[in-house]
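Novice: Pasting query16.cif below, which is mmCIF, C-alpha atoms.
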data_coords
loop_
_atom_site.label_atom_id
_atom_site.label_comp_id
_atom_site.auth_asym_id
_atom_site.auth_seq_id
_atom_site.Cartn_x
_atom_site.Cartn_y
_atom_site.Cartn_z
CA MET A 1 12.38 36.08 48.55
CA THR A 2 14.72 38.83 47.34
CA THR A 3 15.26 41.61 49.87
CA ASP A 4 16.51 45.22 49.82
CA PHE A 5 20.10 44.03 49.83
CA LYS A 6 22.75 46.70 49.26
CA SER A 7 25.66 44.40 48.53
CA ILE A 8 26.34 40.85 47.39
CA PRO A 9 27.69 38.42 50.02
CA ILE A 10 31.02 36.62 49.70
CA ILE A 11 31.09 32.93 50.66
CA ASP A 12 34.22 30.87 51.19
CA VAL A 13 33.15 27.48 49.83
CA GLY A 14 36.51 25.84 50.60
CA PRO A 15 35.13 23.42 53.23
CA LEU A 16 32.30 22.42 50.88
CA VAL A 17 34.73 21.82 48.00
CA ALA A 18 37.02 19.74 50.24
CA LYS A 19 34.19 17.53 51.55
CA GLY A 20 31.90 17.69 48.52
CA ASP A 21 32.30 14.06 47.49
CA ASP A 22 31.23 12.82 50.93
CA LEU A 23 27.45 12.46 51.25
CA LYS A 24 27.87 12.88 55.02
CA MET A 25 29.57 16.26 54.62
CA GLY A 26 26.66 17.99 56.39
CA GLN A 27 27.94 16.58 59.67
CA ASP A 28 31.10 18.70 59.42
CA PRO A 29 30.78 22.01 61.36
CA SER A 30 32.74 24.00 58.75
CA VAL A 31 30.53 22.67 55.96
CA ARG A 32 27.39 23.48 57.98
CA GLU A 33 28.56 27.09 58.19
CA VAL A 34 28.89 27.24 54.39
CA ILE A 35 25.43 25.69 54.02
CA LYS A 36 24.01 28.35 56.34
CA GLN A 37 25.56 31.13 54.27
CA LEU A 38 24.34 29.61 50.99
CA ASP A 39 20.82 29.38 52.38
CA GLN A 40 20.85 33.01 53.45
CA ALA A 41 22.26 34.22 50.13
CA CYS A 42 19.77 32.21 48.06
CA ARG A 43 16.88 33.56 50.15
CA GLU A 44 17.95 37.19 50.32
CA THR A 45 19.89 38.08 47.16
CA GLY A 46 19.91 35.16 44.73
CA PHE A 47 23.50 36.23 44.01
CA PHE A 48 26.74 35.59 45.88
CA TYR A 49 30.48 35.57 45.28
CA VAL A 50 32.40 32.37 45.95
CA LYS A 51 36.05 32.10 46.90
CA GLY A 52 38.03 29.05 47.97
CA HIS A 53 36.48 27.26 44.98
CA GLY A 54 39.59 25.43 43.80
CA VAL A 55 39.58 26.60 40.17
CA PRO A 56 43.11 27.93 39.52
CA GLN A 57 43.36 31.69 39.09
CA SER A 58 45.68 31.09 36.15
CA LEU A 59 42.97 29.11 34.32
CA MET A 60 40.29 31.70 35.12
CA ASN A 61 42.56 34.34 33.59
CA GLU A 62 43.50 32.18 30.62
CA VAL A 63 39.91 31.56 29.47
CA LYS A 64 39.23 35.30 29.64
CA ASP A 65 42.44 36.00 27.74
CA VAL A 66 41.65 33.61 24.86
CA THR A 67 38.09 34.99 24.75
CA HIS A 68 39.48 38.52 24.34
CA LYS A 69 41.83 37.31 21.61
CA PHE A 70 39.04 35.58 19.70
CA PHE A 71 36.72 38.58 19.77
CA HIS A 72 39.53 40.81 18.48
CA LEU A 73 39.98 38.63 15.38
CA PRO A 74 38.67 39.95 12.04
CA LEU A 75 34.97 39.29 11.52
CA ASN A 76 35.59 36.85 8.66
CA GLU A 77 37.66 34.70 11.03
CA LYS A 78 34.99 34.75 13.72
CA LEU A 79 32.31 33.81 11.20
CA LYS A 80 34.13 30.53 10.50
CA ILE A 81 32.34 29.20 13.60
CA LYS A 82 29.05 31.02 12.97
CA MET A 83 25.98 29.75 14.82
CA THR A 84 23.54 28.02 12.46
CA PRO A 85 20.81 25.35 12.63
CA ASN A 86 23.30 22.85 11.18
CA THR A 87 25.66 23.37 14.14
CA GLY A 88 22.95 22.68 16.72
CA TYR A 89 22.90 26.43 17.46
CA ARG A 90 26.45 26.35 18.74
CA GLY A 91 28.93 28.97 17.68
CA TYR A 92 29.49 32.68 17.14
CA GLN A 93 26.89 35.45 17.21
CA LYS A 94 27.62 38.93 15.90
CA ILE A 95 26.95 42.07 17.90
CA LYS A 96 23.21 42.73 18.36
CA GLU A 97 22.15 39.26 17.15
CA ASN A 98 21.22 38.30 20.72
CA ILE A 99 17.77 39.58 21.67
CA THR A 100 16.42 40.25 25.17
CA LYS A 101 12.71 41.09 25.35
CA GLY A 102 12.68 42.25 21.76
CA VAL A 103 15.73 44.52 22.05
CA PRO A 104 19.12 43.66 20.48
CA ASP A 105 21.91 43.38 23.05
CA LEU A 106 25.20 45.23 22.61
CA GLN A 107 27.31 42.09 22.75
CA GLU A 108 28.89 39.36 20.66
CA ALA A 109 29.17 35.80 21.90
CA ILE A 110 30.04 32.15 21.38
CA ASP A 111 27.67 29.46 22.67
CA TYR A 112 28.72 25.99 23.78
CA TYR A 113 26.44 23.22 25.05
CA ARG A 114 26.97 19.79 26.41
CA GLU A 115 27.10 17.82 23.18
CA VAL A 116 23.85 16.09 22.21
CA LYS A 117 24.19 12.92 20.14
CA ARG A 118 21.60 11.93 17.54
CA GLY A 119 18.50 10.47 19.20
CA MET A 120 19.78 11.23 22.71
CA TYR A 121 16.53 12.97 23.69
CA GLY A 122 14.31 11.82 20.82
CA SER A 123 12.76 14.40 18.51
CA PHE A 124 12.63 16.86 21.40
CA GLY A 125 16.40 17.26 21.48
CA GLU A 126 17.00 17.34 17.71
CA ILE A 127 17.38 21.11 17.61
CA LEU A 128 20.53 20.92 19.76
CA GLU A 129 22.09 17.85 18.19
CA GLY A 130 25.63 18.54 17.07
CA CYS A 131 29.20 19.19 18.15
CA ASN A 132 30.69 22.33 19.60
CA GLN A 133 32.65 24.60 17.26
CA TRP A 134 36.18 25.48 18.29
CA PRO A 135 38.21 28.20 16.59
CA ASN A 136 41.68 27.48 15.25
CA GLU A 137 42.94 30.66 16.89
CA PRO A 138 43.94 31.21 19.63
CA ALA A 139 45.76 27.87 19.53
CA ASN A 140 45.11 27.00 23.20
CA PHE A 141 41.40 27.94 23.08
CA LYS A 142 39.83 24.47 23.01
CA ALA A 143 42.12 22.83 25.59
CA SER A 144 41.72 25.71 28.05
CA MET A 145 37.94 25.80 27.72
CA GLU A 146 37.46 22.05 28.07
CA GLU A 147 39.51 21.93 31.28
CA TYR A 148 37.67 24.99 32.59
CA ILE A 149 34.28 23.42 31.85
CA ARG A 150 35.32 20.20 33.62
CA LEU A 151 36.31 22.10 36.77
CA CYS A 152 33.22 24.32 36.72
CA THR A 153 30.98 21.26 36.41
CA ASP A 154 32.58 19.66 39.46
CA LEU A 155 32.46 22.89 41.47
CA SER A 156 28.80 23.44 40.58
CA ARG A 157 27.89 19.89 41.60
CA LYS A 158 29.42 20.50 45.03
CA ILE A 159 27.72 23.88 45.49
CA MET A 160 24.40 22.28 44.52
CA ARG A 161 24.98 19.59 47.16
CA GLY A 162 25.34 22.38 49.71
CA ILE A 163 22.14 24.00 48.45
CA ALA A 164 20.29 20.64 48.63
CA LEU A 165 21.32 20.36 52.30
CA ALA A 166 20.28 23.98 52.88
CA LEU A 167 16.80 23.13 51.60
CA GLY A 168 16.58 20.26 54.09
CA GLY A 169 17.28 17.34 51.76
CA SER A 170 20.15 14.90 51.44
CA ALA A 171 23.36 16.02 49.76
CA ASP A 172 22.35 14.18 46.58
CA GLU A 173 18.70 15.27 46.71
CA LEU A 174 18.97 17.11 43.38
CA GLU A 175 20.91 14.37 41.57
CA GLY A 176 19.69 11.04 40.15
CA GLU A 177 16.72 11.56 37.83
CA LYS A 178 16.68 15.27 38.66
CA GLY A 179 20.24 16.31 38.03
CA GLY A 180 22.55 13.32 38.13
CA ASP A 181 23.28 13.71 34.41
CA PRO A 182 23.48 17.51 34.29
CA PHE A 183 23.25 19.54 31.14
CA TRP A 184 25.53 22.55 30.87
CA VAL A 185 25.81 25.68 28.77
CA VAL A 186 28.79 28.01 28.36
CA ARG A 187 28.44 31.46 26.86
CA LEU A 188 31.51 33.56 26.12
CA ILE A 189 30.38 37.17 25.87
CA GLY A 190 32.13 40.30 24.63
CA TYR A 191 30.78 43.76 25.47
CA PRO A 192 32.21 46.68 23.44
CA GLY A 193 33.35 49.70 25.41
CA LYS A 194 31.67 53.06 25.07
CA SER A 195 33.04 55.35 22.39
CA ALA A 196 32.19 59.02 21.94
CA ALA A 197 32.99 58.63 18.25
CA ILE A 198 30.33 55.95 17.77
CA PRO A 199 26.92 57.00 19.15
CA GLN A 200 24.87 54.05 20.45
CA ASN A 201 21.09 53.97 20.48
CA ASN A 202 21.19 51.11 22.97
CA ASP A 203 23.99 50.75 25.51
CA ILE A 204 22.52 47.68 27.21
CA GLY A 205 24.99 44.81 26.93
CA CYS A 206 22.39 42.34 28.17
CA GLY A 207 18.81 43.31 29.00
CA ILE A 208 16.97 42.60 32.24
CA HIS A 209 16.45 38.87 32.75
CA THR A 210 16.68 35.91 35.08
CA ASP A 211 18.78 32.85 34.26
CA TYR A 212 16.85 29.79 33.13
CA GLY A 213 18.69 26.95 34.83
CA LEU A 214 20.03 26.00 38.25
CA LEU A 215 23.30 27.74 39.00
CA THR A 216 25.47 30.21 37.07
CA LEU A 217 29.20 30.81 37.57
CA ILE A 218 30.30 34.18 36.18
CA ASN A 219 33.99 34.80 35.52
CA GLN A 220 34.18 38.49 34.63
CA ASP A 221 36.95 40.88 33.68
CA ASP A 222 38.62 42.59 36.61
CA ARG A 223 38.38 46.38 37.00
CA ILE A 224 35.24 46.79 34.85
CA THR A 225 31.93 46.89 36.74
CA ALA A 226 29.04 46.18 34.37
CA LEU A 227 26.86 43.45 35.93
CA GLU A 228 24.01 44.85 38.05
CA VAL A 229 21.48 43.02 40.24
CA LYS A 230 18.00 44.36 41.08
CA ASN A 231 16.88 44.40 44.72
CA LEU A 232 13.32 44.44 46.06
CA SER A 233 13.11 48.24 45.96
CA GLY A 234 14.13 48.32 42.30
CA GLU A 235 17.65 49.57 42.98
CA TRP A 236 20.49 48.24 40.86
CA VAL A 237 23.32 46.83 42.98
CA PRO A 238 26.67 46.46 41.19
CA ALA A 239 28.41 43.08 41.14
CA THR A 240 31.84 44.69 41.32
CA PRO A 241 34.58 42.28 40.18
CA ILE A 242 36.56 40.67 42.99
CA PRO A 243 39.66 38.96 41.55
CA GLY A 244 39.79 35.22 42.17
CA THR A 245 36.05 34.85 42.77
CA PHE A 246 33.08 33.71 40.75
CA VAL A 247 29.82 35.63 40.88
CA CYS A 248 27.16 32.95 41.33
CA ASN A 249 23.43 33.27 40.88
CA ILE A 250 20.48 30.91 40.94
CA GLY A 251 18.02 30.44 38.09
CA ASP A 252 14.43 29.57 37.29
CA MET A 253 14.82 25.83 37.84
CA LEU A 254 16.05 26.23 41.41
CA LYS A 255 13.22 28.65 42.12
CA MET A 256 10.79 25.93 41.01
CA TRP A 257 12.43 23.10 42.94
CA SER A 258 12.58 25.26 46.09
CA ASN A 259 8.91 26.24 45.72
CA GLY A 260 9.92 29.90 45.61
CA ILE A 261 11.92 29.76 48.84
CA TYR A 262 14.88 30.74 46.66
CA GLU A 263 14.38 33.46 44.07
CA ALA A 264 15.96 33.90 40.64
CA THR A 265 16.97 37.55 40.73
CA LEU A 266 16.70 40.01 37.85
CA HIS A 267 19.98 41.35 36.51
CA ARG A 268 21.44 43.20 33.53
CA VAL A 269 24.77 44.23 32.01
CA ILE A 270 25.75 47.79 31.01
CA ASN A 271 29.37 48.41 30.07
CA ASN A 272 29.95 52.11 30.74
CA SER A 273 33.70 51.66 30.49
CA SER A 274 35.68 52.64 27.40
CA LYS A 275 37.31 49.20 27.57
CA TYR A 276 36.11 46.02 25.89
CA ARG A 277 34.77 43.62 28.56
CA VAL A 278 34.46 39.84 28.46
CA CYS A 279 32.52 37.44 30.63
CA VAL A 280 32.83 33.66 30.68
CA ALA A 281 29.47 32.40 31.92
CA TYR A 282 29.00 28.75 32.88
CA PHE A 283 25.45 27.47 33.45
CA TYR A 284 24.91 24.26 35.45
CA GLU A 285 21.54 22.67 34.72
CA PRO A 286 19.26 19.75 35.62
CA ASN A 287 19.02 16.66 33.41
CA PHE A 288 17.84 17.85 29.99
CA ASP A 289 14.62 15.81 30.01
CA THR A 290 13.69 16.06 33.69
CA LEU A 291 10.41 17.55 34.87
CA VAL A 292 11.14 20.31 37.37
CA GLU A 293 8.39 21.10 39.86
CA PRO A 294 8.28 22.07 43.56
CA LEU A 295 9.86 19.48 45.86
CA GLU A 296 7.46 18.16 48.48
CA MET A 297 9.88 18.99 51.29
CA CYS A 298 9.92 22.62 50.08
CA VAL A 299 6.13 22.74 49.81
CA GLU A 300 5.95 21.59 53.43
CA LYS A 301 8.47 24.25 54.48
CA SER A 302 6.25 26.83 52.75
CA GLY A 303 3.22 25.82 54.82
CA GLY A 304 1.63 23.74 52.07
CA ALA A 305 1.24 26.51 49.47
CA ARG A 306 2.55 25.24 46.13
CA LEU A 307 4.20 27.42 43.48
CA ASN A 308 2.14 27.08 40.31
CA GLN A 309 5.13 26.54 38.04
CA LYS A 310 6.71 23.50 36.45
CA ALA A 311 8.75 22.80 33.32
CA VAL A 312 10.75 20.17 31.54
CA TYR A 313 14.19 21.74 31.71
CA GLY A 314 15.05 21.22 28.03
CA GLU A 315 11.75 22.74 26.95
CA HIS A 316 12.32 25.75 29.17
CA LEU A 317 15.85 26.13 27.76
CA LEU A 318 14.67 26.04 24.16
CA GLY A 319 11.90 28.53 24.89
CA LYS A 320 14.36 30.94 26.47
CA ARG A 321 16.83 30.46 23.63
CA ARG A 322 14.16 31.27 21.05
CA ASP A 323 13.36 34.46 22.97
CA HIS A 324 17.03 35.51 23.09
CA ARG A 325 18.27 34.39 19.69
CA GLY A 326 15.76 36.09 17.41
CA PRO A 327 15.40 34.64 13.89
CA VAL A 328 18.16 32.03 14.18
CA LEU A 329 16.29 29.84 16.67
CA MET A 330 12.84 30.62 15.32
CA GLU A 331 13.64 28.75 12.11
CA LEU A 332 13.04 25.49 13.98
CA GLY A 333 10.52 24.58 16.60
CA ALA A 334 10.78 21.91 19.26
CA GLU A 335 8.20 19.26 20.02
CA SER A 336 6.57 19.96 23.39
CA ILE A 337 6.77 17.14 25.89
CA LEU A 338 4.83 18.96 28.57
CA ASP A 339 1.37 20.42 28.03
CA LYS A 340 1.79 22.96 30.78
CA SER A 341 5.23 24.56 30.90
CA ILE A 342 6.44 27.46 33.03
CA GLN A 343 3.63 29.85 33.91
#
Take the structure in the file and give it back as structure tokens.
Specialist:
Amino acid sequence: MTTDFKSIPIIDVGPLVAKGDDLKMGQDPSVREVIKQLDQACRETGFFYVKGHGVPQSLMNEVKDVTHKFFHLPLNEKLKIKMTPNTGYRGYQKIKENITKGVPDLQEAIDYYREVKRGMYGSFGEILEGCNQWPNEPANFKASMEEYIRLCTDLSRKIMRGIALALGGSADELEGEKGGDPFWVVRLIGYPGKSAAIPQNNDIGCGIHTDYGLLTLINQDDRITALEVKNLSGEWVPATPIPGTFVCNIGDMLKMWSNGIYEATLHRVINNSSKYRVCVAYFYEPNFDTLVEPLEMCVEKSGGARLNQKAVYGEHLLGKRRDHRGPVLMELGAESILDKSIQ
């Protein structure tokens, strides 16, 4: 359960990354120390920085750089990859097209999903069928992003193995039918800086929310503090950028699997800087069509009390996307494959 934390812990996941392909990694003392720190962070804050992650600093900087360059293109260029139903809801969103709890967010964005082939998930997955849209400019955009996504997927898999061990399971407890074929989402977000010349009725870059999946890796601009995390007392704790680190947080699906032992923490984004800020957010998810409900080992650790929540991940994703995308995702529904989704 989230506590009255005043800061966000920093975890060196280097030992976990080095041993992450070994299912017996939990026997290594250095890995056990990382597991201990992950457990504490997931229980107390739901957010943590990771260093020693193995993703090159140069690549982390490059994906932010090409994101900046794209968002500074003329609008007509950006609209060449506009998000529509025909693109499987992949592509560019203009400022204030994203909605959080009924309020437009002061951000523009590009959405990418793991590509969904026709019939891959039956009629349930039709809404997301399609290919990702890549801009022609900057020229290195697609190659940089694809390599970045590959490395983030591998890093997330290893962190999730550490979390599985922290919960008392095997390293691959959350793989197989649960998450052995993980879905992923990438959202490139641009937050305009404040300008005295342009009054803003809403300065919230992204409204208060929890993330809907398993694990998020946030690669944010250095020197601009905008991401804030809510503690138990209702105080907003800044996730101040630390160069070379990812800010990680856990989402709704891990809360369910852990039976509430781990909490998905509320957070928001407010860019009070005069500078334009970008964030490259990578979301690591369960299998698209898996039913997520409390793990028996976590129910036992909780004294037998079971969290009254469950969801098919893909259904939960589509529900959240409809809430956040306003009219664009409401044009199409999605066939429910679970009578009782998240409570």
Novice: Any idea what's packed within 10 Å of A:Lys117, counting all atoms listed in the file, ignoring anything in its chain fewer than 6 positions away? Could you give it as a list in words?
Specialist: Gly125, Glu126, Leu128, Glu129, Gly130 and Cys131 of chain A
Novice: When you draw a straight line from atom CA of A:Glu177 to atom CA of A:Val299, how long is it in Å?
Specialist: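 Result for atom CA of A:Glu177 versus atom CA of A:Val299: 19.5 Å, one decimal.
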Novice: What residues come out when you apply the PyMOL selection byres ((chain A and resi 144-154) around 8) to this file, written as a PyMOL selection string?
Specialist: chain A and resi 55+59-60+62-63+140-143+155-158+184+186+217+282+284
Novice: For the residues in that selection, give me C-alpha atoms as a PDB file, keeping the file's coordinate frame.
Specialist:
ATOM      1  CA  VAL A  55      39.580  26.600  40.170  1.00  0.00           C
ATOM      2  CA  LEU A  59      42.970  29.110  34.320  1.00  0.00           C
ATOM      3  CA  MET A  60      40.290  31.700  35.120  1.00  0.00           C
ATOM      4  CA  GLU A  62      43.500  32.180  30.620  1.00  0.00           C
ATOM      5  CA  VAL A  63      39.910  31.560  29.470  1.00  0.00           C
ATOM      6  CA  ASN A 140      45.110  27.000  23.200  1.00  0.00           C
ATOM      7  CA  PHE A 141      41.400  27.940  23.080  1.00  0.00           C
ATOM      8  CA  LYS A 142      39.830  24.470  23.010  1.00  0.00           C
ATOM      9  CA  ALA A 143      42.120  22.830  25.590  1.00  0.00           C
ATOM     10  CA  LEU A 155      32.460  22.890  41.470  1.00  0.00           C
ATOM     11  CA  SER A 156      28.800  23.440  40.580  1.00  0.00           C
ATOM     12  CA  ARG A 157      27.890  19.890  41.600  1.00  0.00           C
ATOM     13  CA  LYS A 158      29.420  20.500  45.030  1.00  0.00           C
ATOM     14  CA  TRP A 184      25.530  22.550  30.870  1.00  0.00           C
ATOM     15  CA  VAL A 186      28.790  28.010  28.360  1.00  0.00           C
ATOM     16  CA  LEU A 217      29.200  30.810  37.570  1.00  0.00           C
ATOM     17  CA  TYR A 282      29.000  28.750  32.880  1.00  0.00           C
ATOM     18  CA  TYR A 284      24.910  24.260  35.450  1.00  0.00           C
TER      19      TYR A 284
END
Novice: Choose the residue, out of A:Phe283, A:Asp252, A:Asn136, A:Ala109, that has the smallest atom-to-atom separation from A:Val185; count only C-alpha atoms.
Specialist: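 Nearest to A:Val185: A:Phe283.
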Novice: Have a look at A:Tyr113, A:Val269, A:Ile224, A:Tyr262 and name the one nearest to A:Leu317; count all atoms listed in the file.
Specialist: A:Tyr113
Novice: Pick from A:Glu300, A:Glu97, A:Glu235, A:Glu33: nearest to A:Asp12, with all atoms listed in the file counted?
Specialist: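 Closest candidate: A:Glu33.
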Novice: Just give me the gap between atom CA of A:Leu227 and atom CA of A:Tyr276 in Å, one decimal is fine.
Specialist: 13.9 Å
Novice: Using all atoms listed in the file, find the one residue out of A:Lys178, A:Lys94, A:Arg187, A:Lys19 that sits nearest to A:His53.
Specialist: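 Selected residue with least distance to A:His53: A:Lys19.
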Novice: So that I can check the surroundings of A:Lys230, please list as a list in words every protein, DNA and RNA residue that reaches within 6 Å of it, counting only C-alpha atoms and ignoring chain neighbours fewer than 2 positions away.
Specialist: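 Residues meeting the cut-off are Gly234, Glu235, Trp236, Leu266 and His267 of chain A.
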Novice: To one decimal in Å, tell me the separation between atom CA of A:Leu165 and atom CA of A:Glu228.
Specialist: 28.5 Å
Novice: Evaluate the PyMOL selection byres ((chain A and resi 244-250) around 9) here and jot the selected residues down as number ranges by chain.
Specialist: A: 10, 42, 45-53, 55-57, 60, 210-220, 239, 241-243, 251-255, 262-265
Novice: What lies within 8 Å of A:Phe183 using only C-alpha atoms, ignoring chain neighbours under 5 positions off, as a PyMOL selection string?
Specialist: chain A and resi 113-114+284-288
Novice: Nearest to A:Ser258 among A:Gln107, A:Gln309, A:Ser233, A:Thr100, with distances taken over only C-alpha atoms: which residue is it?
Specialist: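 The shortest atom-to-atom distance to A:Ser258 comes from A:Gln309.
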Novice: From the options A:Asn61, A:Gln93, A:Ser274, A:Gln37, which residue's atoms come nearest to A:Asp105, counting only C-alpha atoms?
Specialist: A:Gln93
Novice: Please enumerate the residues selected by the PyMOL selection byres ((chain A and resi 72-80) around 10) when evaluated against the supplied file, formatted as an mmCIF file with C-alpha atoms, in the coordinates of the input.
Specialist:
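That gives us selection-v9.cif:
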data_model
loop_
_atom_site.group_PDB
_atom_site.id
_atom_site.type_symbol
_atom_site.label_atom_id
_atom_site.label_comp_id
_atom_site.auth_asym_id
_atom_site.auth_seq_id
_atom_site.Cartn_x
_atom_site.Cartn_y
_atom_site.Cartn_z
ATOM 1 C CA VAL A 66 41.650 33.610 24.860
ATOM 2 C CA THR A 67 38.090 34.990 24.750
ATOM 3 C CA HIS A 68 39.480 38.520 24.340
ATOM 4 C CA LYS A 69 41.830 37.310 21.610
ATOM 5 C CA PHE A 70 39.040 35.580 19.700
ATOM 6 C CA PHE A 71 36.720 38.580 19.770
ATOM 7 C CA ILE A 81 32.340 29.200 13.600
ATOM 8 C CA LYS A 82 29.050 31.020 12.970
ATOM 9 C CA MET A 83 25.980 29.750 14.820
ATOM 10 C CA GLY A 91 28.930 28.970 17.680
ATOM 11 C CA TYR A 92 29.490 32.680 17.140
ATOM 12 C CA GLN A 93 26.890 35.450 17.210
ATOM 13 C CA LYS A 94 27.620 38.930 15.900
ATOM 14 C CA ILE A 110 30.040 32.150 21.380
ATOM 15 C CA GLN A 133 32.650 24.600 17.260
ATOM 16 C CA TRP A 134 36.180 25.480 18.290
ATOM 17 C CA PRO A 135 38.210 28.200 16.590
ATOM 18 C CA ASN A 136 41.680 27.480 15.250
ATOM 19 C CA GLU A 137 42.940 30.660 16.890
ATOM 20 C CA PRO A 138 43.940 31.210 19.630
ATOM 21 C CA GLY A 190 32.130 40.300 24.630
ATOM 22 C CA TYR A 276 36.110 46.020 25.890
#
Novice: What residues have an atom no more than 8 Å from (24.8, 13.6, 47.7) in the file's own frame, counting all atoms listed in the file, and can you write them as a list in words?
Specialist: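 Answer for this query, in the requested form: Asp21, Asp22, Leu23, Lys24, Arg161, Ser170, Ala171, Asp172, Glu173 and Glu175 of chain A.
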Novice: Counting all atoms listed in the file, which residues sit no farther than 12 Å from the position (10.5, 19.4, 46.3) in the file's frame? I'd like them as an MDAnalysis selection string.
Specialist: chainID A and resid 164 167:170 173:174 178 253:261 291:302 304 306:307 310
